[in-house]
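So this one's query23.txt, compact mmCIF, C-alpha atoms:
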```txt
# COMPACT_ATOMS: atom_id res chain seq x y z
CA MET A 1 87.25 92.64 72.06
CA ASN A 2 88.40 95.63 70.08
CA ALA A 3 91.28 94.36 67.93
CA SER A 4 93.13 97.66 68.23
CA ALA A 5 93.28 97.27 72.03
CA TRP A 6 94.81 93.80 71.85
CA PRO A 7 98.45 94.98 71.43
CA LEU A 8 97.99 97.16 74.53
CA LEU A 9 96.74 94.17 76.52
CA GLU A 10 99.61 92.04 75.24
CA LEU A 11 102.03 94.75 76.27
CA SER A 12 100.48 94.97 79.76
CA THR A 13 100.89 91.24 80.28
CA LYS A 14 104.67 91.69 79.92
CA LEU A 15 104.51 92.59 83.60
CA LEU A 16 103.59 88.97 84.34
CA ASP A 17 105.66 85.79 84.25
CA PRO A 18 105.79 84.21 80.76
CA GLU A 19 103.72 81.15 81.69
CA GLU A 20 101.06 83.20 83.46
CA ARG A 21 101.03 85.69 80.57
CA GLU A 22 99.92 82.99 78.14
CA VAL A 23 97.15 81.76 80.45
CA VAL A 24 95.85 85.29 81.07
CA LEU A 25 95.84 86.20 77.36
CA GLY A 26 93.99 82.96 76.66
CA ASP A 27 91.43 83.79 79.38
CA LEU A 28 90.87 87.25 77.91
CA LEU A 29 90.34 85.85 74.42
CA GLU A 30 87.95 83.20 75.68
CA THR A 31 85.80 85.58 77.71
CA HIS A 32 85.63 88.22 74.95
CA ALA A 33 86.25 90.78 77.67
CA THR A 34 86.16 94.46 76.76
CA ALA A 35 89.53 96.19 76.53
CA TRP A 36 88.79 98.09 79.72
CA ARG A 37 87.85 94.97 81.70
CA GLY A 38 90.88 93.20 80.26
CA LEU A 39 93.21 95.98 81.39
CA LEU A 40 91.62 96.04 84.84
CA ASP A 41 92.06 92.27 85.11
CA ILE A 42 95.70 92.39 84.11
CA PHE A 43 96.54 95.28 86.43
CA SER A 44 94.67 93.68 89.34
CA LEU A 45 96.73 90.55 88.85
CA VAL A 46 99.98 92.51 88.55
CA MET A 47 99.14 94.50 91.69
CA HIS A 48 98.29 91.34 93.63
CA ARG A 49 101.57 89.76 92.51
CA ARG A 50 103.66 92.83 93.37
CA ALA A 51 101.93 93.30 96.74
CA GLY A 52 102.40 89.61 97.49
CA LEU A 53 106.18 90.01 97.22
CA TRP A 54 106.13 92.45 100.15
CA ARG A 55 104.55 89.89 102.49
CA ASP A 56 107.96 88.31 102.65
CA PRO A 57 110.54 90.00 104.92
CA ARG A 58 113.30 89.86 102.29
CA PRO A 59 112.30 92.95 100.24
CA TRP A 60 112.11 94.95 103.48
CA VAL A 61 115.53 93.70 104.56
CA ALA A 62 117.07 94.38 101.13
CA GLY A 63 115.58 97.87 100.88
CA PHE A 64 115.44 99.28 104.39
CA VAL A 65 118.11 97.31 106.23
CA VAL A 66 120.77 97.05 103.50
CA ALA A 67 120.25 99.41 100.53
CA LEU A 68 119.17 102.58 102.34
CA PRO A 69 121.72 102.66 105.22
CA SER A 70 124.55 101.24 103.10
CA SER A 71 124.01 103.86 100.43
CA TYR A 72 124.08 106.60 103.08
CA LEU A 73 127.29 105.29 104.63
CA LEU A 74 128.93 104.65 101.25
CA MET A 75 128.21 108.20 100.11
CA GLY A 76 129.89 109.37 103.31
CA ALA A 77 132.84 107.07 102.64
CA SER A 78 133.08 108.29 99.01
CA SER A 79 133.09 111.85 100.27
CA SER A 80 135.76 110.99 102.81
CA VAL A 81 137.99 109.34 100.19
CA THR A 82 137.57 112.35 97.89
CA CYS A 83 138.43 114.81 100.68
CA THR A 84 141.51 112.83 101.68
CA TYR A 85 142.63 112.57 98.06
CA GLN A 86 142.17 116.32 97.53
CA ARG A 87 144.12 117.09 100.70
CA LEU A 88 147.00 114.79 99.83
CA MET A 89 147.24 115.64 96.13
CA HIS A 90 146.06 119.25 95.90
CA HIS A 91 146.47 120.41 99.52
CA ARG A 92 142.79 121.36 99.73
CA VAL A 93 141.34 120.96 103.21
CA PHE A 94 137.67 120.15 103.84
CA VAL A 95 137.00 120.65 107.52
CA GLU A 96 134.88 117.94 109.19
CA HIS A 97 134.62 115.86 106.07
CA SER A 98 137.27 113.31 106.83
CA PRO A 99 137.51 111.13 109.95
CA THR A 100 140.73 112.74 111.15
CA GLY A 101 142.02 114.86 108.32
CA HIS A 102 145.49 113.40 108.94
CA GLU A 103 145.47 110.26 106.82
CA GLY A 104 148.47 109.45 104.66
CA PHE A 105 148.65 107.65 101.32
CA LEU A 106 148.60 104.24 102.99
CA LEU A 107 145.35 104.99 104.78
CA LEU A 108 143.93 106.48 101.61
CA LEU A 109 144.70 103.22 99.82
CA CYS A 110 143.10 101.33 102.71
CA HIS A 111 139.99 103.52 102.40
CA VAL A 112 139.78 103.02 98.66
CA LEU A 113 140.04 99.25 99.03
CA LEU A 114 137.44 99.30 101.78
CA LEU A 115 135.11 101.45 99.70
CA ILE A 116 135.31 99.01 96.80
CA ALA A 117 134.83 95.97 99.06
CA TRP A 118 131.97 97.50 101.07
CA SER A 119 130.19 98.65 97.91
CA TRP A 120 130.54 95.34 96.13
CA ALA A 121 129.38 93.33 99.16
CA ALA A 122 126.42 95.62 99.85
CA GLY A 123 125.44 95.53 96.17
CA TYR A 124 125.72 91.75 96.06
CA THR A 125 123.56 91.45 99.18
CA VAL A 126 120.87 93.79 97.81
CA GLY A 127 120.87 91.96 94.45
CA SER A 128 120.68 88.49 95.94
CA VAL A 129 118.31 88.96 98.90
CA SER A 130 115.32 90.13 96.88
CA ARG A 131 115.71 90.09 93.12
CA ARG A 132 112.12 90.85 92.18
CA THR A 133 111.98 94.05 94.23
CA LEU A 134 115.37 95.29 93.13
CA TRP A 135 113.79 98.44 91.68
CA ALA A 136 112.51 99.39 95.16
CA SER A 137 115.95 98.83 96.70
CA VAL A 138 117.51 101.03 94.00
CA VAL A 139 114.99 103.81 94.70
CA LEU A 140 115.71 103.57 98.44
CA ALA A 141 119.46 103.62 97.78
CA ALA A 142 119.01 106.92 95.91
CA VAL A 143 117.23 108.59 98.85
CA PRO A 144 120.40 109.49 100.86
CA SER A 145 121.71 111.53 97.93
CA LEU A 146 119.23 114.24 99.01
CA ASN A 147 121.12 114.52 102.27
CA PHE A 148 124.41 115.13 100.46
CA LEU A 149 123.17 117.93 98.20
CA CYS A 150 125.12 120.43 100.27
CA ALA A 151 128.31 118.36 100.38
CA PRO A 152 131.55 120.28 99.63
CA VAL A 153 132.54 117.79 96.94
CA SER A 154 130.87 117.29 93.57
CA GLY A 155 127.99 114.85 93.14
CA LEU A 156 130.13 112.53 91.06
CA CYS A 157 132.64 112.17 93.88
CA LEU A 158 129.84 111.04 96.18
CA LEU A 159 129.02 108.27 93.77
CA LEU A 160 132.49 106.69 93.73
CA PHE A 161 130.91 103.64 95.31
CA LEU A 162 128.46 103.14 92.45
CA PRO A 163 130.57 101.12 89.92
CA PRO A 164 131.57 98.36 92.40
CA ALA A 165 128.09 98.44 93.96
CA MET A 166 126.43 98.02 90.56
CA LEU A 167 128.78 95.17 89.74
CA GLY A 168 127.88 93.55 93.05
CA VAL A 169 124.15 94.04 92.41
CA TRP A 170 124.53 92.46 88.98
CA ARG A 171 126.39 89.43 90.35
CA GLY A 172 123.94 89.02 93.20
CA TRP A 173 120.95 89.41 90.91
CA GLN A 174 122.36 86.74 88.60
CA GLY A 175 122.67 84.43 91.60
CA SER A 176 126.42 83.95 91.11
CA ARG A 177 127.85 81.64 93.72
CA ILE A 178 130.92 82.46 95.75
CA SER A 179 132.89 79.63 97.30
CA PHE A 180 132.95 79.51 101.08
CA ARG A 181 136.70 79.96 101.20
CA ALA A 182 136.69 82.96 98.83
CA ALA A 183 133.88 84.59 100.84
CA SER A 184 135.76 83.95 104.11
CA VAL A 185 139.01 85.40 102.76
CA PHE A 186 137.11 88.41 101.45
CA ALA A 187 135.31 89.03 104.77
CA LEU A 188 138.48 88.54 106.81
CA THR A 189 140.43 90.92 104.57
CA VAL A 190 137.73 93.57 104.93
CA THR A 191 137.71 93.06 108.71
CA VAL A 192 141.51 93.39 108.95
CA LEU A 193 141.47 96.53 106.78
CA MET A 194 138.75 98.00 108.96
CA ILE A 195 140.61 97.22 112.18
CA SER A 196 143.71 98.80 110.68
CA ALA A 197 141.78 101.95 109.69
CA TRP A 198 140.02 102.02 113.07
CA THR A 199 143.25 101.82 115.07
CA ASN A 200 144.52 104.80 113.06
CA ASP A 201 141.37 106.77 113.92
CA ALA A 202 140.44 106.85 110.26
CA LEU A 203 137.00 105.24 110.45
CA TRP A 204 133.61 106.30 111.66
CA ILE A 205 131.92 103.96 114.11
CA ALA A 206 128.88 103.66 111.82
CA ASN A 207 131.11 102.22 109.10
CA TRP A 208 131.27 98.97 111.07
CA ALA A 209 127.75 98.29 109.85
CA LEU A 210 129.20 97.93 106.36
CA LEU A 211 130.97 94.80 107.54
CA CYS A 212 127.65 92.93 107.78
CA PRO A 213 127.18 92.37 104.00
CA ALA A 214 130.68 90.87 103.78
CA TRP A 215 129.88 88.35 106.51
CA TYR A 216 126.48 87.73 104.97
CA LEU A 217 128.36 86.47 101.92
CA VAL A 218 130.19 83.98 104.16
CA ALA A 219 126.93 82.77 105.72
CA ARG A 220 125.31 82.46 102.30
CA ALA A 221 128.29 80.58 100.83
CA ARG A 222 128.32 78.25 103.84
CA ARG A 223 124.60 77.51 103.46
CA SER A 224 124.87 76.73 99.74
CA ARG A 225 128.09 74.74 100.07
CA PRO A 226 127.67 71.50 98.04
CA ASN A 227 128.46 68.50 100.29
CA GLY A 228 130.89 70.49 102.37
CA GLY A 229 133.24 71.08 99.42
CA ASP A 230 134.89 74.47 99.52
CA GLY A 231 137.17 75.12 96.60
CA PHE A 232 138.86 78.49 96.72
CA TRP A 233 138.27 79.27 93.05
CA PRO A 234 134.89 78.15 91.78
CA MET A 235 136.24 77.31 88.30
CA ARG A 236 139.11 75.21 89.59
CA HIS A 237 136.72 73.43 91.94
CA ALA A 238 134.38 72.67 89.04
CA ARG A 239 137.25 71.39 86.90
CA ALA A 240 138.50 69.12 89.67
CA GLN A 241 135.07 67.48 89.81
CA MET B 1 90.89 77.48 108.61
CA LEU B 2 89.88 78.66 105.14
CA GLY B 3 88.83 82.18 104.32
CA GLU B 4 85.42 82.89 102.82
CA PHE B 5 86.68 83.38 99.26
CA GLU B 6 88.96 80.37 99.56
CA TYR B 7 85.96 78.25 100.50
CA VAL B 8 83.94 79.65 97.58
CA LEU B 9 86.79 78.89 95.18
CA ILE B 10 87.36 75.33 96.41
CA THR B 11 83.66 74.56 96.35
CA THR B 12 83.28 75.97 92.84
CA ALA B 13 86.33 74.08 91.55
CA ALA B 14 85.06 70.85 93.14
CA GLY B 15 81.65 71.39 91.51
CA LEU B 16 83.18 71.91 88.06
CA GLY B 17 85.25 68.74 88.39
CA GLU B 18 87.30 68.03 85.27
CA ASN B 19 86.25 71.36 83.74
CA ALA B 20 87.64 73.50 86.53
CA TYR B 21 89.96 76.15 85.12
CA GLY B 22 90.45 79.90 85.50
CA VAL B 23 87.68 81.32 83.33
CA ALA B 24 85.11 78.64 84.22
CA ILE B 25 85.70 79.09 87.95
CA ARG B 26 85.44 82.86 87.65
CA ASP B 27 82.18 82.71 85.66
CA GLU B 28 80.69 80.28 88.15
CA ILE B 29 81.73 82.40 91.15
CA GLU B 30 80.35 85.58 89.60
CA ALA B 31 77.07 83.82 88.81
CA SER B 32 76.66 82.32 92.27
CA ILE B 33 77.77 85.14 94.56
CA GLN B 34 76.61 87.95 92.25
CA ARG B 35 79.86 89.83 92.58
CA THR B 36 82.67 90.65 90.20
CA CYS B 37 85.69 88.43 90.70
CA SER B 38 88.94 89.99 89.49
CA MET B 39 91.58 87.91 87.83
CA GLY B 40 94.05 89.11 90.46
CA ALA B 41 91.93 87.83 93.34
CA LEU B 42 91.24 84.56 91.54
CA TYR B 43 94.78 83.61 90.59
CA THR B 44 96.47 84.78 93.77
CA THR B 45 93.93 82.80 95.80
CA ILE B 46 94.54 79.76 93.61
CA ASP B 47 98.29 80.19 94.18
CA ARG B 48 97.80 80.46 97.93
CA LEU B 49 95.60 77.37 98.07
CA GLU B 50 98.05 75.46 95.94
CA ALA B 51 100.89 76.46 98.27
CA LYS B 52 98.82 75.08 101.18
CA GLY B 53 98.32 71.82 99.26
CA LEU B 54 94.56 72.30 98.96
CA LEU B 55 94.58 72.60 95.15
CA LYS B 56 96.68 71.26 92.35
CA THR B 57 97.06 73.23 89.12
CA TRP B 58 98.67 72.62 85.77
CA VAL B 59 98.55 74.20 82.33
CA GLY B 60 96.12 72.27 80.15
CA ASP B 61 95.94 71.81 76.41
CA ALA B 62 95.79 74.80 74.09
CA THR B 63 92.46 75.47 72.37
CA PRO B 64 91.69 77.49 69.19
CA GLN B 65 89.15 79.70 70.99
CA ARG B 66 91.97 80.81 73.30
CA GLY B 67 94.27 81.64 70.41
CA GLY B 68 96.23 78.44 70.91
CA ARG B 69 96.93 79.20 74.56
CA GLY B 70 96.57 76.75 77.45
CA LYS B 71 94.17 76.91 80.41
CA ARG B 72 95.20 76.81 84.02
CA MET B 73 93.42 73.67 85.14
CA VAL B 74 92.52 73.22 88.81
CA ARG B 75 91.83 70.12 90.87
CA VAL B 76 90.87 70.02 94.55
CA THR B 77 93.11 67.70 96.56
CA PRO B 78 91.78 65.41 99.33
CA HIS B 79 93.33 67.83 101.81
CA GLY B 80 91.33 70.64 100.14
CA VAL B 81 88.11 68.63 100.41
CA ARG B 82 88.74 68.10 104.15
CA ALA B 83 89.46 71.81 104.68
CA ALA B 84 86.28 72.83 102.84
CA LYS B 85 84.19 70.35 104.84
CA GLN B 86 85.73 71.63 108.07
CA PHE B 87 84.85 75.22 107.06
CA TYR B 88 81.30 74.21 106.15
CA ASP B 89 80.81 72.34 109.45
CA SER B 90 82.16 75.32 111.38
CA VAL B 91 79.75 77.69 109.63
CA LEU B 92 76.84 75.35 110.39
CA ARG B 93 77.90 75.01 114.04
CA ILE B 94 78.45 78.70 114.57
CA SER B 95 75.17 79.57 112.84
CA ARG B 96 73.06 77.48 115.20
CA GLY B 97 70.80 79.79 117.15
CA ALA B 98 71.42 82.79 114.95
CA SER B 99 68.23 84.81 114.45
CA TRP B 100 68.30 84.63 110.64
CA VAL B 101 68.72 80.87 110.72
CA GLU B 102 65.71 80.46 113.02
CA THR B 103 63.63 82.76 110.84
CA ARG B 104 64.52 80.76 107.76
CA MET B 105 63.84 77.44 109.48
CA GLY B 106 60.51 78.79 110.67
CA GLY B 107 59.64 79.95 107.19
CA THR B 108 60.39 76.67 105.54
CA SER B 109 58.80 74.37 108.08
```
So, in terms of structure tokens, how does the structure I just supplied come out?
Amino acid sequence: MNASAWPLLELSTKLLDPEEREVVLGDLLETHATAWRGLLDIFSLVMHRRAGLWRDPRPWVAGFVVALPSSYLLMGASSSVTCTYQRLMHHRVFVEHSPTGHEGFLLLLCHVLLLIAWSWAAGYTVGSVSRRTLWASVVLAAVPSLNFLCAPVSGLCLLLFLPPAMLGVWRGWQGSRISFRAASVFALTVTVLMISAWTNDALWIANWALLCPAWYLVARARRSRPNGGDGFWPMRHARAQ
Amino acid sequence: MLGEFEYVLITTAAGLGENAYGVAIRDEIEASIQRTCSMGALYTTIDRLEAKGLLKTWVGDATPQRGGRGKRMVRVTPHGVRAAKQFYDSVLRISRGASWVETRMGGTS
């Protein structure tokens, strides 16, 4: 093998798991494969591995069932919060870009809290359901931004949901555990806030879909509950043991 | 039931015995079926067969000719032997009466 091509092959194998990388590099050295054959081999393996991930339903669920619709709804919610804020603080009215256009400060606060909670829960779900195809979920989450190009508010205002969502994705991707009780309190709080906003006509019906990630957290926490223990704060629970 | 390539891989690994590992299996397959076998097809098939319990793999000792890197050793499990035999029997059964089989039998007898 051409020695100058070796660094390129080594770099390509970074797309593989560390253990497999070593085996593949060893195989290439042993067979004295040409650089071209080596690259083809590595990319065929990478493609097989990547394609194999999509045989599982989880990447599809994370991308098409959670990331794409959640991102669309959260952009709408960000826009709504921005419009309400502008109306209350600067008396600027954006027709048809707020559920009622009559929300007060209390409902604005409720919306802000809901936006943070929805975003974090959706991000956590996307990050935890399919970690290895996170890039695809992120790409799908960016798609709805095309629909909001003509929105009356600035692009940054549409992305209000991003910081909590990214935090959620990070926590989910890391596999952070949430205690069953904390997840239940979180989901119940979100539900109560949503009912409160709904009864004041300050919620779109589609926003109810954003409740699913919050209850997914409860189901996930319940499934991974160790021996039925359910400490409210994970740290305190760990210390008690 | 096994797929065609799965059967080829199990049979090749069984034939190589203690020396069955990635490169050796690939060389043997390419020599016997006269077709290029990509590393992607080889290792993903090995993974699939291992998941079905038909193969067992582990990383073997490092060798100098591999730059101090280990081989992915392969061993066919008893379950794998049964599956390969079942595939072979099925091919024999289904081939009975096929025109090319008769021609061959006629030629050799």
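Nearest to chain A of all the residues B:Glu18, B:Asp89, B:Asp47, B:Glu4 is B:Asp47, counting only C-alpha atoms.
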* Within-9 Å shell of (136.1, 81.8, 102.4) in input frame, all atoms listed in the file, as a PyMOL selection string -> chain A and resi 178-188+218+221-222+230-232
* **Exercise answer, chain A residues close to chain B, 12 Å and all atoms listed in the file, as a PyMOL selection string** => chain A and resi 16+18-33+37-53
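Here atom CA of Ala35 of chain A and atom CA of Asp17 of chain A stand 20.7 Å from one another.
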* When you draw a straight line from atom CA of Arg177 of chain A to atom CA of Leu113 of chain A, how long is it in Å? ->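 Computing it gives 22.1 Å between the two atoms.
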* To do: Considering all atoms listed in the file, return as a count of residues only whatever protein or nucleic-acid residues lie within 10 Å of Met166 of chain A, sequence-local ones (same chain, fewer than 2 positions apart) excluded.
  => 15
Contacts of Val66 of chain A at 12 Å or less, counting only C-alpha atoms, minus same-chain residues fewer than 2 places along, as a PDB file with C-alpha atoms, in the coordinates of the input?
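Result file is selection_19.pdb:
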```
ATOM      1  CA  ARG A  58     113.300  89.860 102.290  1.00  0.00           C
ATOM      2  CA  PRO A  59     112.300  92.950 100.240  1.00  0.00           C
ATOM      3  CA  TRP A  60     112.110  94.950 103.480  1.00  0.00           C
ATOM      4  CA  VAL A  61     115.530  93.700 104.560  1.00  0.00           C
ATOM      5  CA  ALA A  62     117.070  94.380 101.130  1.00  0.00           C
ATOM      6  CA  GLY A  63     115.580  97.870 100.880  1.00  0.00           C
ATOM      7  CA  PHE A  64     115.440  99.280 104.390  1.00  0.00           C
ATOM      8  CA  LEU A  68     119.170 102.580 102.340  1.00  0.00           C
ATOM      9  CA  PRO A  69     121.720 102.660 105.220  1.00  0.00           C
ATOM     10  CA  SER A  70     124.550 101.240 103.100  1.00  0.00           C
ATOM     11  CA  SER A  71     124.010 103.860 100.430  1.00  0.00           C
ATOM     12  CA  TYR A  72     124.080 106.600 103.080  1.00  0.00           C
ATOM     13  CA  LEU A  73     127.290 105.290 104.630  1.00  0.00           C
ATOM     14  CA  LEU A  74     128.930 104.650 101.250  1.00  0.00           C
ATOM     15  CA  TRP A 118     131.970  97.500 101.070  1.00  0.00           C
ATOM     16  CA  SER A 119     130.190  98.650  97.910  1.00  0.00           C
ATOM     17  CA  ALA A 121     129.380  93.330  99.160  1.00  0.00           C
ATOM     18  CA  ALA A 122     126.420  95.620  99.850  1.00  0.00           C
ATOM     19  CA  GLY A 123     125.440  95.530  96.170  1.00  0.00           C
ATOM     20  CA  TYR A 124     125.720  91.750  96.060  1.00  0.00           C
ATOM     21  CA  THR A 125     123.560  91.450  99.180  1.00  0.00           C
ATOM     22  CA  VAL A 126     120.870  93.790  97.810  1.00  0.00           C
ATOM     23  CA  GLY A 127     120.870  91.960  94.450  1.00  0.00           C
ATOM     24  CA  SER A 128     120.680  88.490  95.940  1.00  0.00           C
ATOM     25  CA  VAL A 129     118.310  88.960  98.900  1.00  0.00           C
ATOM     26  CA  SER A 130     115.320  90.130  96.880  1.00  0.00           C
ATOM     27  CA  LEU A 134     115.370  95.290  93.130  1.00  0.00           C
ATOM     28  CA  ALA A 136     112.510  99.390  95.160  1.00  0.00           C
ATOM     29  CA  SER A 137     115.950  98.830  96.700  1.00  0.00           C
ATOM     30  CA  VAL A 138     117.510 101.030  94.000  1.00  0.00           C
ATOM     31  CA  LEU A 140     115.710 103.570  98.440  1.00  0.00           C
ATOM     32  CA  ALA A 141     119.460 103.620  97.780  1.00  0.00           C
ATOM     33  CA  VAL A 169     124.150  94.040  92.410  1.00  0.00           C
ATOM     34  CA  ALA A 209     127.750  98.290 109.850  1.00  0.00           C
ATOM     35  CA  LEU A 210     129.200  97.930 106.360  1.00  0.00           C
ATOM     36  CA  LEU A 211     130.970  94.800 107.540  1.00  0.00           C
ATOM     37  CA  CYS A 212     127.650  92.930 107.780  1.00  0.00           C
ATOM     38  CA  PRO A 213     127.180  92.370 104.000  1.00  0.00           C
ATOM     39  CA  ALA A 214     130.680  90.870 103.780  1.00  0.00           C
ATOM     40  CA  TYR A 216     126.480  87.730 104.970  1.00  0.00           C
TER      41      TYR A 216
END
```
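Relative to atom CA of Lys14 of chain A, atom CA of Glu30 of chain B is found at 26.9 Å.
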* For the point (95.4, 69.8, 92.4) in the file's frame, write as a list in words all residues with an atom no more than 10 Å away, counting all atoms listed in the file. => Leu49, Glu50, Gly53, Leu54, Leu55, Lys56, Thr57, Trp58, Met73, Val74, Arg75, Val76, Thr77, Pro78, His79 and Gly80 of chain B
